[in-house]
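So this one's protein_36.csv, CSV, C-alpha atoms:
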chain,number,residue,atom,x,y,z
A,1,MET,CA,22.8,47.1,8.3
A,2,ASN,CA,25.7,48.7,6.4
A,3,LEU,CA,28.3,46.0,5.7
A,4,SER,CA,31.3,46.2,3.5
A,5,PRO,CA,31.7,43.6,0.7
A,6,GLY,CA,34.9,42.5,2.5
A,7,GLN,CA,33.0,41.7,5.7
A,8,LEU,CA,30.6,39.4,3.8
A,9,ASP,CA,33.6,37.8,2.0
A,10,THR,CA,35.3,37.1,5.3
A,11,LEU,CA,32.0,35.6,6.7
A,12,PHE,CA,31.2,33.4,3.8
A,13,GLN,CA,34.9,32.2,3.5
A,14,ALA,CA,34.9,31.4,7.3
A,15,LEU,CA,31.8,29.2,6.8
A,16,GLY,CA,33.3,27.4,3.8
A,17,ASP,CA,35.2,24.8,5.9
A,18,PRO,CA,33.7,21.7,7.6
A,19,THR,CA,35.9,22.1,10.8
A,20,ARG,CA,34.9,25.7,11.3
A,21,ARG,CA,31.1,24.9,10.7
A,22,ALA,CA,31.4,22.0,13.2
A,23,ILE,CA,32.9,24.4,15.8
A,24,LEU,CA,30.0,26.8,15.3
A,25,GLU,CA,27.5,24.0,15.5
A,26,ARG,CA,29.0,23.0,18.8
A,27,LEU,CA,29.0,26.6,20.1
A,28,ALA,CA,25.4,27.1,19.3
A,29,ARG,CA,24.7,24.7,22.2
A,30,GLY,CA,26.8,26.9,24.5
A,31,PRO,CA,30.4,28.1,25.2
A,32,ALA,CA,33.2,25.6,25.2
A,33,THR,CA,36.9,25.5,26.0
A,34,VAL,CA,39.4,25.1,23.2
A,35,THR,CA,40.2,21.6,24.6
A,36,GLU,CA,36.6,20.5,24.5
A,37,LEU,CA,36.2,21.9,21.0
A,38,ALA,CA,39.3,20.2,19.6
A,39,ALA,CA,38.5,16.8,21.1
A,40,PRO,CA,36.3,15.4,18.2
A,41,PHE,CA,39.0,16.4,15.6
A,42,ASP,CA,42.0,14.4,14.6
A,43,MET,CA,44.0,17.6,14.1
A,44,ALA,CA,47.2,19.1,15.5
A,45,LEU,CA,46.4,21.8,18.0
A,46,PRO,CA,48.0,24.7,16.0
A,47,SER,CA,45.9,23.9,13.0
A,48,PHE,CA,42.8,23.7,15.1
A,49,LEU,CA,43.6,27.0,16.8
A,50,GLY,CA,44.1,28.5,13.3
A,51,HIS,CA,40.4,27.7,12.6
A,52,VAL,CA,39.3,29.3,15.9
A,53,HIS,CA,41.3,32.4,15.1
A,54,ARG,CA,39.8,32.5,11.6
A,55,LEU,CA,36.3,32.4,13.2
A,56,GLU,CA,37.3,35.1,15.6
A,57,ALA,CA,38.7,37.4,12.8
A,58,ALA,CA,35.3,37.0,11.0
A,59,GLY,CA,33.5,38.2,14.1
A,60,LEU,CA,31.7,34.9,14.5
A,61,VAL,CA,33.2,33.9,17.9
A,62,THR,CA,34.9,35.6,20.8
A,63,THR,CA,37.6,34.0,23.0
A,64,ALA,CA,38.5,34.7,26.6
A,65,LYS,CA,41.4,33.3,28.6
A,66,THR,CA,41.2,32.5,32.4
A,67,GLY,CA,44.6,31.1,33.6
A,68,ARG,CA,45.5,28.5,31.0
A,69,ILE,CA,41.9,27.8,29.9
A,70,ARG,CA,40.6,29.6,26.7
A,71,THR,CA,36.8,29.6,26.4
A,72,VAL,CA,35.2,30.2,23.0
A,73,THR,CA,31.7,31.8,22.7
A,74,LEU,CA,29.4,32.3,19.7
A,75,VAL,CA,28.7,35.9,19.0
A,76,PRO,CA,24.9,36.6,19.2
A,77,GLY,CA,23.6,37.6,15.7
A,78,ALA,CA,26.8,36.5,14.1
A,79,PHE,CA,25.0,35.1,11.1
A,80,THR,CA,22.8,38.1,10.6
A,81,PRO,CA,24.8,39.7,7.7
A,82,VAL,CA,24.8,36.3,5.8
A,83,ARG,CA,21.1,35.9,6.5
A,84,SER,CA,20.3,39.4,5.3
A,85,TRP,CA,22.2,38.9,2.1
A,86,LEU,CA,20.2,35.7,1.4
A,87,ASP,CA,16.9,37.5,2.3
A,88,ASP,CA,17.8,40.2,-0.2
A,89,GLN,CA,18.3,37.6,-2.9
A,90,ARG,CA,15.0,36.0,-2.1
A,91,ALA,CA,13.2,39.4,-2.2
A,92,LEU,CA,14.7,40.1,-5.6
A,93,TRP,CA,13.7,36.6,-6.9
A,94,GLU,CA,10.2,36.9,-5.6
A,95,GLY,CA,9.8,40.4,-6.9
A,96,ARG,CA,10.8,39.0,-10.3
A,97,LEU,CA,8.2,36.2,-10.1
A,98,ASP,CA,5.5,38.7,-9.0
A,99,ARG,CA,6.3,40.9,-12.0
A,100,LEU,CA,6.2,37.8,-14.3
A,101,ASP,CA,2.9,36.8,-12.8
A,102,ALA,CA,1.5,40.4,-13.3
A,103,TYR,CA,2.6,40.3,-16.9
A,104,VAL,CA,1.0,36.9,-17.6
A,105,GLN,CA,-2.3,38.2,-15.9
A,106,THR,CA,-2.2,41.2,-18.2
A,107,LEU,CA,-1.7,39.0,-21.3
A,108,MET,CA,-4.6,36.8,-20.2
A,109,GLN,CA,-6.9,39.8,-19.6
A,110,GLU,CA,-6.0,41.2,-23.0
A,111,THR,CA,-6.8,37.9,-24.7
A,112,ARG,CA,-10.2,37.8,-22.9
A,113,ASP,CA,-11.0,41.5,-23.9
A,114,ASP,CA,-9.9,41.1,-27.4
A,115,PRO,CA,-10.3,37.4,-28.4
A,116,GLU,CA,-9.0,36.1,-31.7
A,117,PRO,CA,-11.8,35.4,-34.1
B,118,MET,CA,18.0,17.4,2.5
B,119,ASN,CA,21.1,15.2,2.6
B,120,LEU,CA,24.0,17.3,1.7
B,121,SER,CA,27.7,16.4,1.9
B,122,PRO,CA,30.0,18.8,3.9
B,123,GLY,CA,31.9,19.2,0.6
B,124,GLN,CA,28.8,20.6,-1.1
B,125,LEU,CA,28.3,23.2,1.6
B,126,ASP,CA,32.0,24.1,1.4
B,127,THR,CA,31.7,24.7,-2.3
B,128,LEU,CA,28.6,26.8,-1.8
B,129,PHE,CA,30.0,29.0,0.9
B,130,GLN,CA,33.3,29.4,-0.9
B,131,ALA,CA,31.5,30.4,-4.1
B,132,LEU,CA,29.6,33.1,-2.1
B,133,GLY,CA,32.8,34.4,-0.5
B,134,ASP,CA,33.7,36.7,-3.4
B,135,PRO,CA,32.2,40.1,-4.3
B,136,THR,CA,32.2,39.5,-8.1
B,137,ARG,CA,30.4,36.2,-7.7
B,138,ARG,CA,27.8,37.7,-5.3
B,139,ALA,CA,27.2,40.6,-7.7
B,140,ILE,CA,26.6,38.1,-10.6
B,141,LEU,CA,24.0,36.3,-8.4
B,142,GLU,CA,22.3,39.6,-7.4
B,143,ARG,CA,22.0,40.5,-11.1
B,144,LEU,CA,20.7,37.0,-12.0
B,145,ALA,CA,18.0,37.2,-9.3
B,146,ARG,CA,16.4,39.8,-11.5
B,147,GLY,CA,16.4,37.3,-14.5
B,148,PRO,CA,18.8,35.5,-16.9
B,149,ALA,CA,21.5,37.4,-18.6
B,150,THR,CA,24.2,36.8,-21.2
B,151,VAL,CA,27.9,36.6,-20.2
B,152,THR,CA,28.4,39.9,-22.1
B,153,GLU,CA,25.7,41.7,-20.1
B,154,LEU,CA,26.9,40.2,-16.8
B,155,ALA,CA,30.6,41.2,-17.5
B,156,ALA,CA,29.8,44.8,-18.5
B,157,PRO,CA,29.8,46.4,-15.0
B,158,PHE,CA,33.2,44.8,-14.1
B,159,ASP,CA,36.6,46.1,-15.0
B,160,MET,CA,38.0,42.6,-15.5
B,161,ALA,CA,39.5,40.5,-18.3
B,162,LEU,CA,36.9,38.1,-19.8
B,163,PRO,CA,38.8,34.9,-18.9
B,164,SER,CA,38.9,36.0,-15.2
B,165,PHE,CA,35.2,36.8,-15.4
B,166,LEU,CA,34.4,33.5,-17.0
B,167,GLY,CA,36.3,31.8,-14.2
B,168,HIS,CA,33.8,33.3,-11.7
B,169,VAL,CA,30.9,32.1,-13.8
B,170,HIS,CA,32.3,28.6,-14.0
B,171,ARG,CA,32.9,28.6,-10.3
B,172,LEU,CA,29.2,29.4,-9.7
B,173,GLU,CA,28.2,26.7,-12.2
B,174,ALA,CA,30.4,24.1,-10.4
B,175,ALA,CA,28.7,25.0,-7.1
B,176,GLY,CA,25.3,24.4,-8.7
B,177,LEU,CA,24.2,28.1,-8.2
B,178,VAL,CA,23.8,28.9,-12.0
B,179,THR,CA,23.4,27.1,-15.3
B,180,THR,CA,24.7,28.3,-18.6
B,181,ALA,CA,23.4,27.5,-22.1
B,182,LYS,CA,25.0,28.5,-25.4
B,183,THR,CA,23.0,29.5,-28.5
B,184,GLY,CA,25.3,30.3,-31.4
B,185,ARG,CA,27.9,32.6,-29.9
B,186,ILE,CA,25.7,33.8,-27.0
B,187,ARG,CA,26.1,32.2,-23.6
B,188,THR,CA,23.1,32.8,-21.3
B,189,VAL,CA,23.4,32.4,-17.5
B,190,THR,CA,20.4,31.5,-15.3
B,191,LEU,CA,20.1,31.3,-11.5
B,192,VAL,CA,19.2,27.8,-10.3
B,193,PRO,CA,15.8,28.0,-8.4
B,194,GLY,CA,16.4,27.0,-4.7
B,195,ALA,CA,20.1,27.3,-5.2
B,196,PHE,CA,20.6,28.9,-1.7
B,197,THR,CA,18.4,26.3,0.1
B,198,PRO,CA,21.3,24.3,1.6
B,199,VAL,CA,23.0,27.5,2.9
B,200,ARG,CA,19.7,28.7,4.3
B,201,SER,CA,19.0,25.2,5.9
B,202,TRP,CA,22.3,25.3,7.6
B,203,LEU,CA,21.7,28.8,9.0
B,204,ASP,CA,18.2,27.7,10.1
B,205,ASP,CA,19.7,24.7,11.9
B,206,GLN,CA,22.1,27.0,13.8
B,207,ARG,CA,19.3,29.3,14.8
B,208,ALA,CA,17.2,26.3,16.1
B,209,LEU,CA,20.1,25.1,18.1
B,210,TRP,CA,20.7,28.6,19.5
B,211,GLU,CA,17.0,29.1,20.3
B,212,GLY,CA,16.8,25.6,21.9
B,213,ARG,CA,19.7,26.6,24.1
B,214,LEU,CA,18.0,29.9,25.2
B,215,ASP,CA,14.7,28.0,25.9
B,216,ARG,CA,16.5,25.6,28.1
B,217,LEU,CA,18.3,28.4,29.9
B,218,ASP,CA,14.9,30.2,30.4
B,219,ALA,CA,13.3,27.0,31.8
B,220,TYR,CA,16.3,26.6,34.2
B,221,VAL,CA,15.9,30.2,35.4
B,222,GLN,CA,12.2,29.7,35.9
B,223,THR,CA,12.9,26.6,37.9
B,224,LEU,CA,15.4,28.4,40.1
B,225,MET,CA,12.9,31.2,40.6
B,226,GLN,CA,10.1,28.8,41.6
B,227,GLU,CA,12.4,27.0,44.0
B,228,THR,CA,13.3,30.3,45.6
B,229,ARG,CA,9.6,31.2,46.0
B,230,ASP,CA,8.7,27.7,47.4
B,231,ASP,CA,11.6,27.6,49.8
B,232,PRO,CA,12.5,31.2,50.7
B,233,GLU,CA,15.6,32.1,52.7
B,234,PRO,CA,14.7,33.1,56.3
Structure translated into structure tokens:
Amino acid sequence: MNLSPGQLDTLFQALGDPTRRAILERLARGPATVTELAAPFDMALPSFLGHVHRLEAAGLVTTAKTGRIRTVTLVPGAFTPVRSWLDDQRALWEGRLDRLDAYVQTLMQETRDDPEP
Amino acid sequence: MNLSPGQLDTLFQALGDPTRRAILERLARGPATVTELAAPFDMALPSFLGHVHRLEAAGLVTTAKTGRIRTVTLVPGAFTPVRSWLDDQRALWEGRLDRLDAYVQTLMQETRDDPEP
């Protein structure tokens, strides 16, 4: 996946807020209207809509309006870029541990082949 | 793992910056001095140190000073809370798909048991 640094910034920043993460957790169970989503929060509607728009701008949710009802849906695979970045970090880290292990094995072999008197 | 929402906020916000992610990518290959880390960036040292301190405050790296040399090390398992949150979302999502599938299977069975004339 080719992803610009800016897209990852937007994704991570969108996830760095408890209200926005709670919205995503709710949407993982299925689509919901803005009214349903807002109900658990003691927050003015414009502020709440700001969070929804932030998630939409990050490509994490889509919204659709039917009459006066706006429904919010989680985008399938929305977390993939974040997960890919984390997987890359793990691969780098494990590669480093593997190299470290190979190095220690080499040292041990050398010690066995050429023991100190 | 019991993690406060504030800790996840700090982690995600720390990851929402290309310089900070680049520092973490470099440290996944092994510890480095601040001078080594700063070299690829066209950035004033105080700004760069601000990014390192932000990563340290989020618990992603540790720093240690020997004489005038400050070495930065990635904290093992530093990404675990972020990964756990993503895993939880995936489990919720897959649970939803499983229930949807079970529902469709039930509908199909009912249609077979009680076909329209």
**Message:** Taking only C-alpha atoms into account, find every residue of chain B that has an atom no more than 7 Å from chain A, and write it out as a PyMOL selection string.
**Reply:** chain B and resi 122+125-127+129-130+132-135+142+145-146+206+209-210+213
The distance between atom CA of Pro198 of chain B and atom CA of Ala38 of chain A is 25.8 Å
Mobile chain B placed on reference chain A by ordered C-alpha fit, as a compact mmCIF listing (two decimals) with C-alpha atoms, keeping the file's coordinate frame:
# COMPACT_ATOMS: atom_id res chain seq x y z
CA MET B 118 22.86 47.12 8.27
CA ASN B 119 25.77 48.68 6.39
CA LEU B 120 28.22 46.01 5.70
CA SER B 121 31.33 46.18 3.49
CA PRO B 122 31.67 43.50 0.71
CA GLY B 123 34.92 42.55 2.48
CA GLN B 124 33.03 41.68 5.66
CA LEU B 125 30.66 39.39 3.81
CA ASP B 126 33.62 37.78 2.03
CA THR B 127 35.25 37.03 5.34
CA LEU B 128 32.03 35.61 6.71
CA PHE B 129 31.30 33.34 3.81
CA GLN B 130 34.90 32.20 3.57
CA ALA B 131 34.95 31.39 7.28
CA LEU B 132 31.79 29.23 6.78
CA GLY B 133 33.30 27.43 3.78
CA ASP B 134 35.15 24.83 5.87
CA PRO B 135 33.74 21.74 7.63
CA THR B 136 35.91 22.11 10.79
CA ARG B 137 34.86 25.71 11.23
CA ARG B 138 31.14 24.89 10.70
CA ALA B 139 31.38 22.02 13.21
CA ILE B 140 32.94 24.42 15.82
CA LEU B 141 29.97 26.82 15.27
CA GLU B 142 27.40 23.97 15.54
CA ARG B 143 28.97 22.93 18.86
CA LEU B 144 29.07 26.56 20.12
CA ALA B 145 25.36 27.05 19.32
CA ARG B 146 24.73 24.68 22.17
CA GLY B 147 26.83 26.96 24.55
CA PRO B 148 30.44 28.12 25.17
CA ALA B 149 33.20 25.63 25.26
CA THR B 150 36.93 25.54 25.95
CA VAL B 151 39.47 25.08 23.11
CA THR B 152 40.26 21.64 24.62
CA GLU B 153 36.62 20.52 24.50
CA LEU B 154 36.12 21.95 20.99
CA ALA B 155 39.33 20.21 19.64
CA ALA B 156 38.51 16.78 21.12
CA PRO B 157 36.32 15.42 18.27
CA PHE B 158 38.93 16.37 15.59
CA ASP B 159 41.95 14.39 14.59
CA MET B 160 44.05 17.52 14.06
CA ALA B 161 47.19 19.12 15.48
CA LEU B 162 46.34 21.89 18.01
CA PRO B 163 48.03 24.70 16.04
CA SER B 164 45.91 23.82 12.94
CA PHE B 165 42.83 23.74 15.15
CA LEU B 166 43.67 27.04 16.74
CA GLY B 167 44.05 28.50 13.26
CA HIS B 168 40.37 27.66 12.60
CA VAL B 169 39.35 29.28 15.85
CA HIS B 170 41.29 32.42 15.07
CA ARG B 171 39.79 32.52 11.64
CA LEU B 172 36.28 32.49 13.17
CA GLU B 173 37.33 35.18 15.66
CA ALA B 174 38.67 37.40 12.81
CA ALA B 175 35.32 37.04 11.00
CA GLY B 176 33.51 38.20 14.15
CA LEU B 177 31.62 34.82 14.53
CA VAL B 178 33.19 33.89 17.99
CA THR B 179 34.99 35.54 20.87
CA THR B 180 37.60 33.92 23.01
CA ALA B 181 38.57 34.75 26.61
CA LYS B 182 41.47 33.27 28.58
CA THR B 183 41.30 32.50 32.32
CA GLY B 184 44.60 31.10 33.56
CA ARG B 185 45.47 28.43 31.03
CA ILE B 186 41.87 27.85 29.85
CA ARG B 187 40.68 29.54 26.68
CA THR B 188 36.86 29.67 26.40
CA VAL B 189 35.14 30.22 23.02
CA THR B 190 31.67 31.81 22.74
CA LEU B 191 29.42 32.29 19.70
CA VAL B 192 28.71 35.96 18.97
CA PRO B 193 24.86 36.54 19.22
CA GLY B 194 23.56 37.61 15.73
CA ALA B 195 26.80 36.57 14.17
CA PHE B 196 25.01 35.11 11.05
CA THR B 197 22.75 38.19 10.58
CA PRO B 198 24.70 39.67 7.64
CA VAL B 199 24.77 36.28 5.81
CA ARG B 200 21.08 35.83 6.48
CA SER B 201 20.33 39.49 5.32
CA TRP B 202 22.10 38.85 2.12
CA LEU B 203 20.17 35.62 1.46
CA ASP B 204 16.92 37.44 2.36
CA ASP B 205 17.77 40.19 -0.13
CA GLN B 206 18.26 37.58 -2.89
CA ARG B 207 14.98 35.93 -2.09
CA ALA B 208 13.14 39.35 -2.22
CA LEU B 209 14.67 40.08 -5.53
CA TRP B 210 13.73 36.62 -6.83
CA GLU B 211 10.17 36.89 -5.48
CA GLY B 212 9.83 40.45 -6.92
CA ARG B 213 10.82 39.04 -10.28
CA LEU B 214 8.19 36.20 -10.10
CA ASP B 215 5.48 38.74 -9.01
CA ARG B 216 6.24 40.87 -11.97
CA LEU B 217 6.20 37.88 -14.29
CA ASP B 218 2.79 36.81 -12.78
CA ALA B 219 1.35 40.34 -13.28
CA TYR B 220 2.59 40.28 -16.93
CA VAL B 221 0.92 36.91 -17.52
CA GLN B 222 -2.29 38.14 -15.97
CA THR B 223 -2.19 41.16 -18.21
CA LEU B 224 -1.67 39.04 -21.30
CA MET B 225 -4.54 36.81 -20.22
CA GLN B 226 -6.90 39.76 -19.68
CA GLU B 227 -5.96 41.22 -23.04
CA THR B 228 -6.73 37.91 -24.69
CA ARG B 229 -10.15 37.77 -22.98
CA ASP B 230 -10.96 41.45 -23.87
CA ASP B 231 -9.86 41.12 -27.45
CA PRO B 232 -10.31 37.48 -28.49
CA GLU B 233 -9.02 36.11 -31.79
CA PRO B 234 -11.89 35.51 -34.27
| message | Just the number, please: distance in Å from atom CA of Pro40 of chain A to atom CA of Val52 of chain A, one decimal. | response |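 Atom CA of Pro40 of chain A sits 14.4 Å away from atom CA of Val52 of chain A.
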What does the structure give for the distance between atom CA of Ala174 of chain B and atom CA of Arg54 of chain A, in Å to one decimal?
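Going from atom CA of Ala174 of chain B over to atom CA of Arg54 of chain A covers 25.4 Å.
All protein, DNA and RNA residues at most 8 Å from (39.5, 23.5, 13.0) are A:Thr19, A:Arg20, A:Ile23, A:Ala38, A:Phe41, A:Met43, A:Ser47, A:Phe48, A:Leu49, A:Gly50, A:His51, A:Val52, using all atoms listed in the file.
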Across A:Asp114, A:Leu55, A:Asp42, A:Ala32, the smallest distance to Thr71 of chain A, with all atoms listed in the file counted, is shown by A:Ala32
Which residue is closest to Ala195 of chain B? Choose from B:Asp215, B:Met225, B:Thr183, B:Glu173 and count all atoms listed in the file.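 Looking at the shortest contact to Ala195 of chain B, the residue is B:Glu173.
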Legend entry - Best match for closeness to Ala64 of chain A among A:Leu45, A:Leu100, A:Val34, A:Leu107, counting only C-alpha atoms: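 Looking at the shortest contact to Ala64 of chain A, the residue is A:Val34.
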